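**Q** Shown below is the structure under consideration.
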Amino acid sequence: MAEQQADILTAENLQLWRGDRRLFEHLFVEARPECMVHIQGANGAGKTSLMRILCGLASPDEGQVCWRGERIGRVRSEFQGMLAYLGHRDGLKHDLSALENLRFCCGLQRSVEEVTLRAALDSAGVGDAADLPVRFLSAGQRRRVAFARVTASAAALWLLDEPFANLDAEGTAFVARTVLGHLEHGGLVVMAAHRLPPELSAARVAIVTLG
């Protein structure tokens, strides 16, 4: 039996144009266990576009993205099963409750018990709002619910686009500590953020600067 490749996400020679403007070229990104990739750059530099390419929601004009040495298009089911993506927008269905959102999103990848989903919401500080429709929650609470969806997924690879948006100091610290814990347990994290909070100072970080 062939030995399984290690959990590594690589993007090689990426190039992307937006109209007549080139956002980046010859870009290399590599995410390995226990080391976070921090994507930084000014607004409009292409951070969100790069994150969407890395998770397979968009395609570069040139280059390729691989998971465990294989192009993600060839191992899409396996890749998506290992991936949790938090977009720049929360991606929540506002007519569903917080719990229903987690049940729906996590259920697309694997069966997750309700006790696990409620525990993720409790940890994120929104357990009391588990049964409320998301439309009644504040922007910060919705961001916490979206992040709880990531932690409940049991995915090895986290792609987080501005995960601290709309969070207060307590929420920011919680997300940072959770990311650090994921790294310490062998997880992979790619994060697009303008700056990192001090709670992540102990993390091993590889920086990719756009623009």
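Letters for chains follow the order of the structure tokens (A, B, ...), residue numbers begin at 1 for each chain, and ligand numbers begin at 1 in the order shown.
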Can you list, as an MDAnalysis selection string, all residues belonging to stretch 23-169 of chain A that DSSP tags as strand (DSSP E or B)?
**A** chainID A and resid 23:31 35:41 62:67 70:71 83:86 97 133 157:161
**Q** Please save C-alpha atoms of the selected residues as a compact mmCIF listing (two decimals), in the first residue's frame.
**A**
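Contents of part_13.txt, freshly written:
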# COMPACT_ATOMS: atom_id res chain seq x y z
CA LEU A 23 -2.91 41.30 -8.33
CA PHE A 24 -0.02 38.86 -7.97
CA GLU A 25 2.32 36.66 -9.99
CA HIS A 26 4.82 33.87 -9.31
CA LEU A 27 3.22 33.49 -5.88
CA PHE A 28 4.17 30.51 -3.73
CA VAL A 29 2.27 29.48 -0.60
CA GLU A 30 2.91 26.43 1.55
CA ALA A 31 0.95 25.47 4.65
CA CYS A 35 2.85 26.63 11.26
CA MET A 36 0.37 29.35 10.33
CA VAL A 37 0.54 31.16 7.01
CA HIS A 38 -0.33 34.83 7.50
CA ILE A 39 -1.47 36.55 4.31
CA GLN A 40 -1.20 40.30 4.64
CA GLY A 41 -1.59 43.28 2.36
CA GLU A 62 -1.85 30.63 -13.90
CA GLY A 63 -0.46 28.18 -11.36
CA GLN A 64 -1.89 25.34 -9.32
CA VAL A 65 -2.99 24.45 -5.79
CA CYS A 66 -2.22 21.00 -4.41
CA TRP A 67 -3.27 19.02 -1.35
CA GLU A 70 -2.20 16.29 -5.82
CA ARG A 71 -4.07 19.07 -7.57
CA LEU A 83 -11.10 21.85 4.90
CA ALA A 84 -12.93 24.43 7.01
CA TYR A 85 -13.29 27.83 5.32
CA LEU A 86 -14.33 31.04 7.06
CA SER A 97 -30.86 29.26 14.03
CA PRO A 133 -32.53 32.74 14.16
CA LEU A 157 -6.97 22.69 7.43
CA TRP A 158 -8.47 26.03 8.42
CA LEU A 159 -8.63 28.86 5.86
CA LEU A 160 -9.67 32.00 7.72
CA ASP A 161 -10.36 35.28 5.94
**Q** Could you give me, as a list in words, the residues within 10 Å of A:Leu137, counting only C-alpha atoms and dropping anything in the same chain fewer than 6 positions from it?
**A** His94, Ser97, Ala98, Val126, Ala129, Arg143 and Val145 of chain A
**Q** I need the residue nearest A:Arg135 from this list: A:Ala45, A:Ile72, A:Leu92, A:Leu50. Use only C-alpha atoms for the distance.
**A** A:Leu92
**Q** Point out the residue among A:Val115, A:Ala124, A:Ala130, A:Leu9 with the least atom-to-atom distance to A:Val150, counting only C-alpha atoms.
**A** A:Ala124
**Q** Which residue out of A:Glu114, A:Glu184, A:Asp7, A:Asp128 has the minimum interatomic distance to A:Ala152 when only C-alpha atoms are used?
**A**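 Result for the nearest residue to A:Ala152: A:Glu114.
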**Q** How many Å lie between atom CA of A:Phe136 and atom CA of A:Ser153, rounded to one decimal?
**A**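 Result for atom CA of A:Phe136 versus atom CA of A:Ser153: 24.0 Å, one decimal.
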**Q** Between A:Gly211, A:Gly91, A:Pro163, A:Gly181, which one has atoms that come closest to A:Gly46, using only C-alpha atoms?
**A**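 Checking each candidate against A:Gly46, we get A:Gly211 as the closest.
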**Q** For A:Arg149, please output as a list in words all residues within 9 Å (counting only C-alpha atoms; exclusion window: fewer than 2 positions along the same chain).
**A**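 Residues near the query, excluding close chain neighbours: Ala84, Leu86, Asn101, Leu102, Arg103, Cys105, Cys106, Leu117, Ala120, Leu121, Arg144, Val145, Ala146, Phe147, Thr151, Ala152 and Ser153 of chain A.
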**Q** Output C-alpha atoms of each residue in that selection to a file, as a PDB file, in the first residue's frame.
**A**
ATOM      1  CA  ALA A  84     -12.932  24.433   7.007  1.00  0.00           C
ATOM      2  CA  LEU A  86     -14.330  31.037   7.057  1.00  0.00           C
ATOM      3  CA  ASN A 101     -26.511  26.620  10.571  1.00  0.00           C
ATOM      4  CA  LEU A 102     -23.817  24.447  12.144  1.00  0.00           C
ATOM      5  CA  ARG A 103     -25.839  21.280  11.615  1.00  0.00           C
ATOM      6  CA  CYS A 105     -22.784  23.207   7.149  1.00  0.00           C
ATOM      7  CA  CYS A 106     -20.963  20.501   9.103  1.00  0.00           C
ATOM      8  CA  LEU A 117     -22.314  21.495  17.822  1.00  0.00           C
ATOM      9  CA  ALA A 120     -18.720  24.616  19.805  1.00  0.00           C
ATOM     10  CA  LEU A 121     -21.284  27.387  20.211  1.00  0.00           C
ATOM     11  CA  ARG A 144     -18.645  33.829  16.580  1.00  0.00           C
ATOM     12  CA  VAL A 145     -21.228  31.422  15.141  1.00  0.00           C
ATOM     13  CA  ALA A 146     -19.304  31.289  11.869  1.00  0.00           C
ATOM     14  CA  PHE A 147     -16.098  30.500  13.729  1.00  0.00           C
ATOM     15  CA  THR A 151     -14.156  24.376  15.225  1.00  0.00           C
ATOM     16  CA  ALA A 152     -17.055  21.908  15.034  1.00  0.00           C
ATOM     17  CA  SER A 153     -15.949  20.647  11.633  1.00  0.00           C
TER      18      SER A 153
END
**Q** Using only C-alpha atoms, find the one residue out of A:His182, A:Arg118, A:Arg177, A:Arg21 that sits nearest to A:Asp131.
**A**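 Using only C-alpha atoms, the shortest distance to A:Asp131 belongs to A:Arg118.
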**Q** Have a look at atom CA of A:Arg89 and atom CA of A:Ala165 and let me know their distance in Å, one decimal.
**A** 9.4 Å
**Q** For A:Gly187, please output as a list in words all residues within 6 Å (counting only C-alpha atoms; exclusion window: fewer than 3 positions along the same chain).
**A** Pro33, Glu34, Ala156, His182 and Leu183 of chain A
**Q** Run DSSP on the backbone and tell me which residues of chain A come out as alpha helix (DSSP H); list them as a ChimeraX atom specification.
**A** /A:47-54,76-81,98-107,114-123,139-152,169-184
**Q** When you count only C-alpha atoms, which of these residues is closest to A:Val190: A:Gly140, A:Gly171, A:Gly87, A:Gly125?
**A**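 For A:Val190, the nearest of the candidates is A:Gly87.
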**Q** What does the distance between atom CA of A:Ala42 and atom CA of A:Asp20 come to in Å, to one decimal place?
**A**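 It comes out at 18.7 Å.
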